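Data from start.txt: compact mmCIF, C-alpha atoms (C1' of nucleotides)
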# COMPACT_ATOMS: atom_id res chain seq x y z
CA MET A 28 11.85 116.41 76.82
CA ALA A 29 8.29 115.28 76.20
CA ARG A 30 6.33 116.05 73.02
CA ARG A 31 8.89 114.66 70.63
CA ASN A 32 6.33 113.74 68.02
CA ASP A 33 8.96 111.89 66.06
CA HIS A 34 6.55 109.06 65.34
CA SER A 35 2.81 108.63 65.04
CA ARG A 36 0.94 106.35 67.36
CA GLU A 37 0.74 103.77 64.59
CA GLU A 38 4.45 104.00 63.90
CA ILE A 39 5.25 103.40 67.54
CA ARG A 40 2.88 100.43 67.55
CA SER A 41 4.69 98.74 64.69
CA MET A 42 8.13 99.61 66.07
CA VAL A 43 7.18 97.92 69.33
CA LEU A 44 5.81 94.84 67.59
CA ASP A 45 8.91 94.58 65.39
CA ALA A 46 11.17 94.83 68.42
CA ALA A 47 9.07 92.32 70.37
CA GLU A 48 9.18 89.81 67.52
CA LYS A 49 12.94 90.09 67.42
CA ILE A 50 13.40 89.70 71.18
CA VAL A 51 11.07 86.69 71.31
CA ALA A 52 12.77 85.03 68.34
CA GLU A 53 16.18 85.47 69.96
CA GLU A 54 15.50 85.02 73.66
CA GLY A 55 12.09 83.40 73.89
CA PHE A 56 8.91 84.38 75.67
CA LYS A 57 10.59 85.02 79.00
CA GLY A 58 13.10 87.42 77.51
CA LEU A 59 10.38 89.93 76.69
CA SER A 60 9.99 92.89 79.05
CA ALA A 61 8.51 96.36 78.87
CA ARG A 62 11.79 98.03 79.73
CA LYS A 63 13.70 96.07 77.11
CA LEU A 64 11.10 96.99 74.50
CA ALA A 65 11.18 100.66 75.45
CA SER A 66 14.93 100.89 75.16
CA ALA A 67 14.86 99.02 71.84
CA ILE A 68 12.64 101.70 70.31
CA ASP A 69 14.29 104.60 72.17
CA TYR A 70 11.28 105.64 74.19
CA THR A 71 10.56 105.34 77.91
CA VAL A 72 8.34 102.64 79.38
CA GLY A 73 5.46 105.03 79.94
CA THR A 74 5.02 105.46 76.19
CA LEU A 75 4.25 101.76 75.76
CA TYR A 76 1.21 102.18 77.99
CA HIS A 77 -0.18 104.96 75.82
CA VAL A 78 -0.24 102.63 72.82
CA PHE A 79 -0.88 99.24 74.43
CA ALA A 80 -3.05 98.24 77.37
CA ASN A 81 -0.27 96.18 78.95
CA LEU A 82 2.38 93.60 78.17
CA ASP A 83 -0.17 90.84 77.56
CA ASP A 84 -1.70 93.06 74.90
CA ILE A 85 1.68 93.27 73.17
CA VAL A 86 2.13 89.50 73.39
CA LEU A 87 -1.30 88.90 71.87
CA GLN A 88 -0.61 91.32 69.02
CA VAL A 89 2.73 89.67 68.28
CA ASN A 90 0.88 86.35 68.28
CA GLN A 91 -1.56 87.66 65.69
CA ARG A 92 1.36 88.55 63.46
CA THR A 93 2.79 85.08 63.98
CA LEU A 94 -0.56 83.54 63.04
CA ASP A 95 -0.53 85.55 59.80
CA ASP A 96 3.04 84.57 59.09
CA MET A 97 2.28 80.91 59.77
CA TYR A 98 -0.80 81.04 57.58
CA ASP A 99 1.28 82.32 54.67
CA TRP A 100 3.89 79.64 55.28
CA LEU A 101 1.28 76.87 55.31
CA ALA A 102 -0.67 78.23 52.36
CA ALA A 103 2.49 78.36 50.26
CA ARG A 104 3.11 74.68 50.97
CA SER A 105 -0.37 73.26 50.41
CA GLY A 106 -2.73 72.62 47.56
CA LYS A 107 -0.61 70.70 45.09
CA ALA A 108 -1.50 67.20 46.28
CA SER A 109 -4.00 64.91 44.58
CA THR A 110 -5.65 63.19 47.56
CA PRO A 111 -6.93 64.62 50.86
CA GLY A 112 -4.45 62.42 52.68
CA ASP A 113 -1.48 63.75 50.76
CA ALA A 114 -2.69 67.33 51.03
CA LEU A 115 -3.15 67.00 54.76
CA LEU A 116 0.20 65.33 55.21
CA ALA A 117 1.94 68.15 53.33
CA LEU A 118 0.18 70.67 55.55
CA ALA A 119 1.09 68.80 58.71
CA LYS A 120 4.74 68.57 57.69
CA ALA A 121 4.78 72.27 56.93
CA TYR A 122 3.33 72.89 60.40
CA ILE A 123 6.02 70.78 62.02
CA ALA A 124 8.70 72.59 60.02
CA TYR A 125 7.31 75.96 61.07
CA SER A 126 7.27 74.97 64.73
CA GLU A 127 10.89 73.90 64.46
CA THR A 128 12.28 76.86 62.54
CA GLN A 129 10.25 79.43 64.49
CA ALA A 130 10.25 77.56 67.80
CA ASN A 131 10.20 80.57 70.13
CA ARG A 132 7.49 82.45 68.29
CA TRP A 133 5.45 79.28 67.79
CA ASN A 134 5.69 78.41 71.48
CA MET A 135 4.49 81.86 72.51
CA LEU A 136 1.38 81.32 70.40
CA PHE A 137 0.11 78.83 72.96
CA ASP A 138 1.72 80.09 76.15
CA TYR A 139 -0.85 82.76 76.75
CA VAL A 140 -3.61 81.18 78.84
CA PRO A 141 -6.76 83.29 79.11
CA GLY A 142 -7.63 83.25 82.81
CA ASN A 143 -10.46 84.41 85.03
CA GLY A 144 -13.17 84.51 82.42
CA ASN A 145 -11.01 86.33 79.86
CA THR A 146 -11.42 85.32 76.25
CA LEU A 147 -9.27 85.78 73.18
CA SER A 148 -10.32 88.65 70.90
CA ASP A 149 -12.50 88.03 67.85
CA ASP A 150 -9.59 89.06 65.63
CA TYR A 151 -7.35 86.48 67.25
CA ARG A 152 -9.91 83.71 66.88
CA LEU A 153 -10.49 84.67 63.26
CA LYS A 154 -6.81 84.20 62.52
CA VAL A 155 -6.80 80.81 64.24
CA GLY A 156 -9.89 79.93 62.21
CA ARG A 157 -8.12 80.82 58.99
CA VAL A 158 -5.51 78.16 59.68
CA PHE A 159 -8.20 75.56 60.28
CA GLY A 160 -9.68 76.74 56.97
CA LEU A 161 -6.60 75.49 55.15
CA VAL A 162 -7.15 72.06 56.64
CA GLU A 163 -10.78 72.08 55.57
CA ALA A 164 -9.76 73.07 52.05
CA SER A 165 -7.37 70.15 51.80
CA LEU A 166 -10.20 67.83 52.84
CA ALA A 167 -12.64 69.33 50.32
CA PRO A 168 -12.82 66.22 48.08
CA LEU A 169 -14.40 64.36 50.99
CA THR A 170 -17.53 66.49 50.71
CA ASN A 171 -18.58 64.27 47.83
CA ARG A 172 -19.44 61.54 50.30
CA ASN A 173 -19.89 63.52 53.53
CA SER A 174 -21.67 66.65 54.65
CA ALA A 175 -19.72 69.88 54.87
CA ILE A 176 -20.23 70.02 58.60
CA GLU A 177 -18.80 66.52 59.02
CA VAL A 178 -15.72 67.46 57.03
CA GLN A 179 -15.31 70.60 59.13
CA GLN A 180 -15.42 68.52 62.30
CA VAL A 181 -12.86 66.09 60.91
CA ALA A 182 -10.60 68.99 59.97
CA ARG A 183 -10.66 70.32 63.51
CA VAL A 184 -10.11 66.94 65.13
CA LEU A 185 -7.20 66.13 62.84
CA TRP A 186 -5.56 69.52 63.16
CA ALA A 187 -5.79 69.55 66.93
CA SER A 188 -4.24 66.09 66.83
CA VAL A 189 -1.40 67.17 64.59
CA HIS A 190 -0.88 70.10 66.92
CA GLY A 191 -0.71 67.80 69.94
CA ILE A 192 1.94 65.63 68.33
CA CYS A 193 3.93 68.71 67.38
CA MET A 194 3.66 70.27 70.83
CA LEU A 195 4.67 67.19 72.83
CA LYS A 196 7.64 66.71 70.51
CA ILE A 197 8.84 70.33 70.74
CA ARG A 198 8.42 70.41 74.50
CA GLN A 199 10.19 67.07 74.95
CA ARG A 200 7.27 65.22 76.48
CA MET A 201 7.72 62.37 74.06
CA ASP A 202 11.39 61.60 73.69
CA PHE A 203 11.31 57.98 74.70
CA VAL A 204 13.70 55.43 73.28
CA GLY A 205 12.64 54.14 69.90
CA GLY A 206 10.09 56.90 69.37
CA LEU A 207 8.94 57.91 65.92
CA SER A 208 9.65 61.34 64.47
CA ALA A 209 6.83 63.88 64.49
CA GLU A 210 6.53 63.44 60.73
CA ALA A 211 6.13 59.66 61.03
CA MET A 212 3.55 60.14 63.77
CA VAL A 213 1.34 62.49 61.77
CA HIS A 214 1.65 60.09 58.86
CA LEU A 215 0.40 57.21 60.99
CA LEU A 216 -2.39 59.40 62.33
CA ILE A 217 -3.66 60.69 59.02
CA ASP A 218 -3.41 57.37 57.20
CA ASN A 219 -5.37 55.40 59.73
CA PHE A 220 -7.92 58.10 60.48
CA LEU A 221 -8.79 58.71 56.84
CA ARG A 222 -8.94 54.99 56.09
CA GLY A 223 -11.36 54.62 58.97
CA PHE A 224 -13.36 57.66 57.99
CA GLY A 225 -13.58 56.59 54.35
CA GLY A 226 -14.67 53.10 55.31
CA LYS A 227 -17.27 54.03 57.90
CA GLU A 228 -20.27 53.12 55.71
CA ALA A 229 -19.16 49.50 55.90
CA GLU A 230 -20.28 49.29 59.54
CA MET B 24 18.21 84.17 114.39
CA ALA B 25 19.66 81.50 112.07
CA ARG B 26 20.08 77.87 113.00
CA ARG B 27 16.46 77.25 113.87
CA ASN B 28 16.58 73.61 112.92
CA ASP B 29 12.81 73.37 113.27
CA HIS B 30 12.57 71.25 110.16
CA SER B 31 14.78 68.85 108.27
CA ARG B 32 15.80 69.55 104.73
CA GLU B 33 13.26 67.01 103.53
CA GLU B 34 10.50 68.56 105.62
CA ILE B 35 11.21 71.96 104.13
CA ARG B 36 11.16 70.44 100.67
CA SER B 37 7.70 68.99 101.12
CA MET B 38 6.40 72.15 102.82
CA VAL B 39 7.53 74.19 99.84
CA LEU B 40 5.98 71.78 97.34
CA ASP B 41 2.71 71.72 99.28
CA ALA B 42 2.60 75.50 99.37
CA ALA B 43 3.49 75.75 95.69
CA GLU B 44 0.75 73.31 94.73
CA LYS B 45 -1.78 75.39 96.63
CA ILE B 46 -0.66 78.70 95.13
CA VAL B 47 -0.68 77.31 91.60
CA ALA B 48 -4.12 75.74 92.06
CA GLU B 49 -5.54 79.02 93.33
CA GLU B 50 -3.69 81.65 91.32
CA GLY B 51 -2.15 79.81 88.41
CA PHE B 52 1.41 79.52 87.16
CA LYS B 53 2.05 83.25 87.20
CA GLY B 54 1.01 83.60 90.83
CA LEU B 55 3.98 81.54 91.98
CA SER B 56 6.97 83.45 93.38
CA ALA B 57 9.91 82.67 95.64
CA ARG B 58 8.94 85.36 98.15
CA LYS B 59 5.34 84.15 98.33
CA LEU B 60 6.55 80.59 98.91
CA ALA B 61 8.99 81.65 101.60
CA SER B 62 6.37 83.55 103.55
CA ALA B 63 3.90 80.66 103.20
CA ILE B 64 6.31 78.32 104.98
CA ASP B 65 7.63 80.99 107.38
CA TYR B 66 11.20 80.98 106.20
CA THR B 67 13.15 83.61 104.27
CA VAL B 68 13.81 83.40 100.55
CA GLY B 69 17.42 82.39 101.04
CA THR B 70 16.33 79.08 102.55
CA LEU B 71 14.58 78.05 99.35
CA TYR B 72 17.90 78.17 97.55
CA HIS B 73 19.48 75.80 100.00
CA VAL B 74 16.91 73.14 99.16
CA PHE B 75 16.12 73.89 95.51
CA ALA B 76 18.35 75.02 92.66
CA ASN B 77 15.95 77.75 91.61
CA LEU B 78 12.28 78.46 90.94
CA ASP B 79 12.22 76.33 87.79
CA ASP B 80 13.39 73.41 89.90
CA ILE B 81 10.40 73.92 92.19
CA VAL B 82 8.03 74.12 89.21
CA LEU B 83 9.42 70.89 87.78
CA GLN B 84 9.07 69.10 91.11
CA VAL B 85 5.48 70.28 91.50
CA ASN B 86 4.88 69.02 87.97
CA GLN B 87 6.19 65.60 88.92
CA ARG B 88 3.68 65.47 91.74
CA THR B 89 0.94 66.49 89.33
CA LEU B 90 1.99 63.72 86.95
CA ASP B 91 1.69 61.21 89.79
CA ASP B 92 -1.67 62.60 90.82
CA MET B 93 -2.93 62.49 87.24
CA TYR B 94 -1.65 58.95 86.80
CA ASP B 95 -3.68 57.83 89.82
CA TRP B 96 -6.75 59.65 88.55
CA LEU B 97 -6.48 58.03 85.12
CA ALA B 98 -5.64 54.57 86.47
CA ALA B 99 -8.71 54.66 88.72
CA ARG B 100 -10.90 55.37 85.71
CA SER B 101 -9.54 52.84 83.24
CA GLY B 102 -9.52 49.12 82.71
CA LYS B 103 -13.17 48.17 82.97
CA ALA B 104 -14.01 48.46 79.26
CA SER B 105 -14.31 45.50 76.92
CA THR B 106 -12.85 46.87 73.69
CA PRO B 107 -9.69 48.94 73.10
CA GLY B 108 -11.87 51.73 71.71
CA ASP B 109 -14.02 51.90 74.82
CA ALA B 110 -11.02 51.66 77.12
CA LEU B 111 -9.25 54.44 75.28
CA LEU B 112 -12.33 56.61 75.23
CA ALA B 113 -12.77 56.22 78.97
CA LEU B 114 -9.14 57.20 79.48
CA ALA B 115 -9.45 60.20 77.16
CA LYS B 116 -12.57 61.42 78.96
CA ALA B 117 -10.81 61.06 82.29
CA TYR B 118 -7.93 63.11 80.89
CA ILE B 119 -10.30 65.84 79.74
CA ALA B 120 -12.01 65.84 83.14
CA TYR B 121 -8.67 66.12 84.91
CA SER B 122 -7.59 69.04 82.73
CA GLU B 123 -10.83 70.81 83.54
CA THR B 124 -10.97 70.21 87.27
CA GLN B 125 -7.24 70.81 87.78
CA ALA B 126 -6.84 73.41 85.04
CA ASN B 127 -4.07 75.48 86.63
CA ARG B 128 -1.93 72.54 87.66
CA TRP B 129 -2.54 70.79 84.34
CA ASN B 130 -1.57 73.89 82.39
CA MET B 131 1.67 74.26 84.32
CA LEU B 132 2.62 70.73 83.27
CA PHE B 133 3.20 71.96 79.72
CA ASP B 134 4.18 75.58 80.30
CA TYR B 135 7.75 74.77 81.13
CA VAL B 136 9.68 74.82 77.86
CA PRO B 137 13.20 73.38 78.10
CA GLY B 138 15.40 75.92 76.34
CA ASN B 139 19.02 76.22 75.23
CA GLY B 140 19.81 72.55 75.10
CA ASN B 141 18.23 71.78 78.47
CA THR B 142 16.34 68.54 78.79
CA LEU B 143 13.77 67.24 81.24
CA SER B 144 15.12 64.96 83.95
CA ASP B 145 14.96 61.19 83.62
CA ASP B 146 12.53 61.08 86.55
CA TYR B 147 10.24 63.52 84.82
CA ARG B 148 10.27 61.58 81.57
CA LEU B 149 9.65 58.35 83.43
CA LYS B 150 6.48 59.79 84.92
CA VAL B 151 5.31 60.99 81.53
CA GLY B 152 6.07 57.52 80.19
CA ARG B 153 3.92 55.93 82.88
CA VAL B 154 0.89 57.83 81.60
CA PHE B 155 1.57 56.63 78.07
CA GLY B 156 1.80 53.16 79.59
CA LEU B 157 -1.86 53.33 80.59
CA VAL B 158 -2.77 54.02 76.99
CA GLU B 159 -0.69 51.08 75.81
CA ALA B 160 -2.40 48.85 78.35
CA SER B 161 -5.83 49.79 77.10
CA LEU B 162 -4.73 48.91 73.57
CA ALA B 163 -3.26 45.56 74.65
CA PRO B 164 -5.90 43.43 72.85
CA LEU B 165 -4.60 44.80 69.56
CA THR B 166 -1.33 42.92 70.03
CA ASN B 167 -3.14 39.82 68.80
CA ARG B 168 -3.00 41.18 65.30
CA ASN B 169 -0.14 43.70 65.51
CA SER B 170 3.36 43.81 66.87
CA ALA B 171 3.96 45.28 70.31
CA ILE B 172 6.03 48.07 68.82
CA GLU B 173 3.23 49.01 66.43
CA VAL B 174 0.75 49.18 69.30
CA GLN B 175 3.17 51.32 71.27
CA GLN B 176 3.46 53.72 68.37
CA VAL B 177 -0.31 53.89 68.02
CA ALA B 178 -0.64 54.60 71.74
CA ARG B 179 1.71 57.55 71.49
CA VAL B 180 0.11 58.97 68.38
CA LEU B 181 -3.38 58.70 69.82
CA TRP B 182 -2.46 60.10 73.21
CA ALA B 183 -0.62 63.07 71.75
CA SER B 184 -3.71 63.66 69.62
CA VAL B 185 -6.07 63.51 72.59
CA HIS B 186 -3.73 65.89 74.35
CA GLY B 187 -3.83 68.33 71.42
CA ILE B 188 -7.62 68.38 71.42
CA CYS B 189 -7.66 68.91 75.16
CA MET B 190 -5.07 71.69 75.05
CA LEU B 191 -6.64 73.71 72.24
CA LYS B 192 -10.01 73.47 74.01
CA ILE B 193 -8.69 74.56 77.40
CA ARG B 194 -6.70 77.42 75.90
CA GLN B 195 -9.62 78.58 73.78
CA ARG B 196 -7.97 78.05 70.41
CA MET B 197 -10.99 76.15 69.15
CA ASP B 198 -14.14 77.90 70.29
CA PHE B 199 -15.69 78.45 66.88
CA VAL B 200 -19.42 78.48 66.37
CA GLY B 201 -20.91 75.04 66.09
CA GLY B 202 -17.81 73.32 67.42
CA LEU B 203 -17.92 69.90 69.03
CA SER B 204 -17.09 69.33 72.68
CA ALA B 205 -13.68 67.89 73.53
CA GLU B 206 -15.38 64.61 74.40
CA ALA B 207 -17.12 64.39 71.03
CA MET B 208 -13.87 65.21 69.28
CA VAL B 209 -11.87 62.46 70.97
CA HIS B 210 -14.73 60.08 70.22
CA LEU B 211 -14.54 60.95 66.52
CA LEU B 212 -10.77 60.60 66.61
CA ILE B 213 -10.63 57.24 68.33
CA ASP B 214 -13.49 55.67 66.38
CA ASN B 215 -12.12 56.52 62.97
CA PHE B 216 -8.50 55.85 63.79
CA LEU B 217 -9.13 52.42 65.24
CA ARG B 218 -11.47 51.48 62.40
CA GLY B 219 -8.74 52.45 59.98
CA PHE B 220 -6.05 50.69 61.97
CA GLY B 221 -8.12 47.52 62.30
CA GLY B 222 -8.88 47.48 58.59
CA LYS B 223 -5.43 48.17 57.31
CA GLU B 224 -4.81 44.63 55.99
CA ALA B 225 -7.61 45.18 53.49
CA GLU B 226 -5.44 47.54 51.47
C1' DA C 7 -1.22 116.30 73.10
C1' DC C 8 2.74 113.76 73.80
C1' DC C 9 6.27 111.98 76.51
C1' DT C 10 9.11 111.70 80.57
C1' DG C 11 10.98 110.18 84.84
C1' DA C 12 10.24 108.96 89.10
C1' DA C 13 7.68 106.23 92.12
C1' DC C 14 5.26 101.98 93.87
C1' DA C 15 5.09 97.41 94.72
C1' DC C 16 6.91 93.79 93.33
C1' DC C 17 10.45 90.10 91.16
C1' DG C 18 14.84 85.91 91.18
C1' DT C 19 19.12 85.04 93.07
C1' DT C 20 23.33 85.48 95.94
C1' DC C 21 26.05 85.56 99.94
C1' DA C 22 28.48 87.63 104.02
C1' DA C 23 27.37 87.47 108.60
C1' DG C 24 25.26 85.70 112.65
C1' DT C 25 24.31 81.74 115.98
C1' DA D 5 25.49 73.63 109.74
C1' DC D 6 21.57 76.29 109.21
C1' DC D 7 19.27 80.41 108.36
C1' DT D 8 18.91 85.34 107.91
C1' DG D 9 18.63 89.86 105.93
C1' DA D 10 20.29 92.85 103.04
C1' DA D 11 21.85 93.70 98.57
C1' DC D 12 21.89 93.51 93.38
C1' DA D 13 19.79 93.82 89.24
C1' DC D 14 15.86 93.48 87.55
C1' DC D 15 10.35 93.46 86.85
C1' DG D 16 4.92 95.73 85.32
C1' DT D 17 2.28 99.62 85.81
C1' DT D 18 0.85 104.40 86.97
C1' DC D 19 0.74 109.24 86.75
C1' DA D 20 1.99 114.08 88.03
C1' DA D 21 4.68 117.17 85.73
C1' DG D 22 6.97 119.21 81.94
C1' DT D 23 6.94 121.17 77.07

As structure tokens, how would this structure be written, given the file I've shared?
Amino acid sequence: MARRNDHSREEIRSMVLDAAEKIVAEEGFKGLSARKLASAIDYTVGTLYHVFANLDDIVLQVNQRTLDDMYDWLAARSGKASTPGDALLALAKAYIAYSETQANRWNMLFDYVPGNGNTLSDDYRLKVGRVFGLVEASLAPLTNRNSAIEVQQVARVLWASVHGICMLKIRQRMDFVGGLSAEAMVHLLIDNFLRGFGGKEAE
Amino acid sequence: MARRNDHSREEIRSMVLDAAEKIVAEEGFKGLSARKLASAIDYTVGTLYHVFANLDDIVLQVNQRTLDDMYDWLAARSGKASTPGDALLALAKAYIAYSETQANRWNMLFDYVPGNGNTLSDDYRLKVGRVFGLVEASLAPLTNRNSAIEVQQVARVLWASVHGICMLKIRQRMDFVGGLSAEAMVHLLIDNFLRGFGGKEAE
DNA sequence: ACCTGAACACCGTTCAAGT
DNA sequence: ACCTGAACACCGTTCAAGT
């Protein structure tokens, strides 16, 4: 044994990430373990630690793939609306749909809490930023009447809000009797916010 | 050994929850373990399983305490504003402050993801509902012009939104250059939403 | 250089046996 | 009835040793 050299370092990396994605999709965040990953790719645990720093590192790299996947999903479903409100609503609905169809992967995206002064990598933050970029793009017409920086701020506020609605729904913190669907809630949010934002000169 | 009878079942329950609260506050969600809890209260692990169903059960009961604690915190900081906007803003700022000062406990509140058809207990949902109740109360003046059900829906949408802003900030999914503080973001959210909601008859 | 396998220090959960 | 302690089936991570 030892020195099999069947796969390059990079091949092992992508085999691990493929296997991790599959395990998370099927069993959720908690189903992921180093030993399960190792046996899925037919190597021993030790090998994982030659390619990744630790299990958190693997989780964060899977998350980066999920962010890319989600970006593609959202991008494919945006851009064909005529008003910022419609564009944003389409994006928000696509986000809700993604969170529902990819619930386990989507949940893992936010489960990792950087602790003790740790921060997310620049790469990770870039990929998060790209998603916010889609929101900004859908609000682009507003830059006729507002500064670019204002529109950027609105994009972040609205997207974080849409995210909050989505998260509390998925994690069952909002299933009261007579509650609206997530879609109806983001509709209410976007309609009223944009009406208020558009009419703010009247004050 | 065995049959010590030093403490009643209920005493053991509250000793465990006290110890769990302390461990979570100091070391976070991941620092909590059955063995650590058992040694903190000077019993063996087996005893925990006579009082609680499992570790998730303990987590959920700690969360219910946190929800009560947070409710008290929020209630103590609300109600003295003159307009719904000011009242809501005060509540949102109190929520942000709670999430920052009690970060580990607050994070655990949302980490538990009910999976495989599980649902949160009625007690748990009642305590979540109580927090939403505070938001509804601060929006009460709006019922002059809108139905109670509409105001309830607005309360839920706005609170989920405030929560989303808070969560993405705490978990570092929004630290871009030039970003607003969480407080400034909720301000922007509430101002524009309520302006839009108040002016909706004009359409 | 690459990979193994065993070791270390942990886990959650169960349950026969002791008093 | 109450509690123990040992067992079972797992963990993440490290690293000397083998080829």

Within 6 Å of region 164-170 of chain A using only C-alpha atoms (C1' of nucleotides), minus same-chain residues under 4 positions, as JSON, numbers by chain: {"A": [111, 114, 174, 175]}

Please report, as a Markdown table, each residue of chain B lying at most 8 Å from chain A, together with the nearest pair of atoms and the separation in Å rounded to one decimal; use all atoms listed in the file, and order rows by chain and ascending residue number.
| residue | atom | partner | partner_atom | distance |
| --- | --- | --- | --- | --- |
| B:Phe133 | CA | A:Arg198 | CA | 7.5 |
| B:Asp134 | CA | A:Asp138 | CA | 6.6 |
| B:Tyr135 | CA | A:Arg198 | CA | 8.0 |
| B:Val136 | CA | A:Arg198 | CA | 5.7 |
| B:Pro137 | CA | A:Arg198 | CA | 6.7 |
| B:Thr142 | CA | A:Gln199 | CA | 7.4 |
| B:Leu143 | CA | A:Gln199 | CA | 7.2 |
| B:Arg148 | CA | A:Arg200 | CA | 6.9 |
| B:Val151 | CA | A:Arg200 | CA | 6.9 |
| B:Gly152 | CA | A:Phe203 | CA | 7.6 |
| B:Gln176 | CA | A:Leu207 | CA | 7.3 |
| B:Val177 | CA | A:Leu215 | CA | 7.8 |
| B:Val180 | CA | A:Met212 | CA | 5.9 |
| B:Leu181 | CA | A:Leu216 | CA | 7.6 |
| B:Ala183 | CA | A:Ile192 | CA | 5.0 |
| B:Ser184 | CA | A:Ser188 | CA | 3.7 |
| B:Val185 | CA | A:Ser188 | CA | 6.6 |
| B:His186 | CA | A:Gly191 | CA | 5.7 |
| B:Gly187 | CA | A:Gly191 | CA | 3.5 |
| B:Ile188 | CA | A:Ala187 | CA | 5.0 |
| B:Met190 | CA | A:Gly191 | CA | 7.8 |
| B:Leu191 | CA | A:Ala187 | CA | 6.8 |
| B:Arg194 | CA | A:Val140 | CA | 5.7 |
| B:Gln195 | CA | A:Leu147 | CA | 7.2 |
| B:Arg196 | CA | A:Val155 | CA | 6.9 |
| B:Met197 | CA | A:Val155 | CA | 8.0 |
| B:Asp198 | CA | A:Arg152 | CA | 8.0 |
| B:Phe199 | CA | A:Gly156 | CA | 7.6 |
| B:Gly202 | CA | A:Gln180 | CA | 7.4 |
| B:Leu203 | CA | A:Gln180 | CA | 7.3 |
| B:Met208 | CA | A:Val184 | CA | 5.9 |
| B:Val209 | CA | A:Val184 | CA | 7.6 |
| B:Leu211 | CA | A:Val184 | CA | 7.6 |
| B:Leu212 | CA | A:Val184 | CA | 6.5 |
| B:Asp214 | CA | A:Gly223 | CA | 7.8 |
| B:Asn215 | CA | A:Gly223 | CA | 4.5 |
| B:Phe216 | CA | A:Phe220 | CA | 4.0 |
| B:Leu217 | CA | A:Gly223 | CA | 7.0 |
| B:Arg218 | CA | A:Gly223 | CA | 4.7 |
| B:Gly219 | CA | A:Gly223 | CA | 3.5 |
| B:Phe220 | CA | A:Asn219 | CA | 5.3 |
| B:Gly222 | CA | A:Gly223 | CA | 7.6 |
| B:Lys223 | CA | A:Asn219 | CA | 7.6 |

Using 7 Å as the limit and counting only C-alpha atoms (C1' of nucleotides), can you tabulate each residue of chain C that touches chain A, with its shortest atom-to-atom distance in Å and the two atoms involved, as JSON lines?
{"residue": "C:DC8", "atom": "C1'", "partner": "A:Arg30", "partner_atom": "CA", "distance": 4.3}
{"residue": "C:DC9", "atom": "C1'", "partner": "A:Ala29", "partner_atom": "CA", "distance": 3.9}
{"residue": "C:DT10", "atom": "C1'", "partner": "A:Ala29", "partner_atom": "CA", "distance": 5.7}

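Note that the spacing between CA of Ala115 (chain B) and CA of Ala99 (chain B) amounts to 12.8 Å.
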
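When CA of Ala124 (chain A) is paired with CA of Val178 (chain A), their separation reads 25.1 Å.
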
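Across the model, the gap from CA of Val43 (chain A) to CA of Asp96 (chain A) is 17.3 Å.
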
Mind checking which residues fall within 10 Å of Tyr94 (chain B), counting all atoms listed in the file, ignoring those fewer than 5 positions away in the same chain, and posting them as an mmCIF file with C-alpha atoms, keeping the file's coordinate frame?
data_model
loop_
_atom_site.group_PDB
_atom_site.id
_atom_site.type_symbol
_atom_site.label_atom_id
_atom_site.label_comp_id
_atom_site.auth_asym_id
_atom_site.auth_seq_id
_atom_site.Cartn_x
_atom_site.Cartn_y
_atom_site.Cartn_z
ATOM 1 C CA ARG B 88 3.680 65.470 91.740
ATOM 2 C CA THR B 89 0.940 66.490 89.330
ATOM 3 C CA ALA B 99 -8.710 54.660 88.720
ATOM 4 C CA ARG B 100 -10.900 55.370 85.710
ATOM 5 C CA TYR B 118 -7.930 63.110 80.890
ATOM 6 C CA LYS B 150 6.480 59.790 84.920
ATOM 7 C CA VAL B 151 5.310 60.990 81.530
ATOM 8 C CA ARG B 153 3.920 55.930 82.880
ATOM 9 C CA VAL B 154 0.890 57.830 81.600
ATOM 10 C CA PHE B 155 1.570 56.630 78.070
ATOM 11 C CA GLY B 156 1.800 53.160 79.590
ATOM 12 C CA LEU B 157 -1.860 53.330 80.590
#

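With all atoms listed in the file as the atoms that count, the minimum distance from DG18 (chain C) to the choices B:Leu55, B:Ile119, B:Ala98, B:Ala48 is reached by B:Leu55.
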
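Around DC14 (chain D), within 12 Å and counting only C-alpha atoms (C1' of nucleotides), the residues found are Ser60, Ala61, Arg62 and Lys63 of chain A; DC16, DC17, DG18 and DT19 of chain C, once anything fewer than 3 positions away on its own chain is removed.
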
Include C-alpha atoms (C1' of nucleotides) and write out the residues we just selected as a JSON list (two decimals), in the frame of the given file.
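Output (out_31.json):
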[["chain", "number", "residue", "atom", "x", "y", "z"],
["A", 60, "SER", "CA", 9.99, 92.89, 79.05],
["A", 61, "ALA", "CA", 8.51, 96.36, 78.87],
["A", 62, "ARG", "CA", 11.79, 98.03, 79.73],
["A", 63, "LYS", "CA", 13.70, 96.07, 77.11],
["C", 16, "DC", "C1'", 6.91, 93.79, 93.33],
["C", 17, "DC", "C1'", 10.45, 90.10, 91.16],
["C", 18, "DG", "C1'", 14.84, 85.91, 91.18],
["C", 19, "DT", "C1'", 19.12, 85.04, 93.07]]

Distance criterion (only C-alpha atoms): nearest to Ile85 (chain A) out of A:Ala130, A:Val204, A:Ala182, A:Leu64: A:Leu64
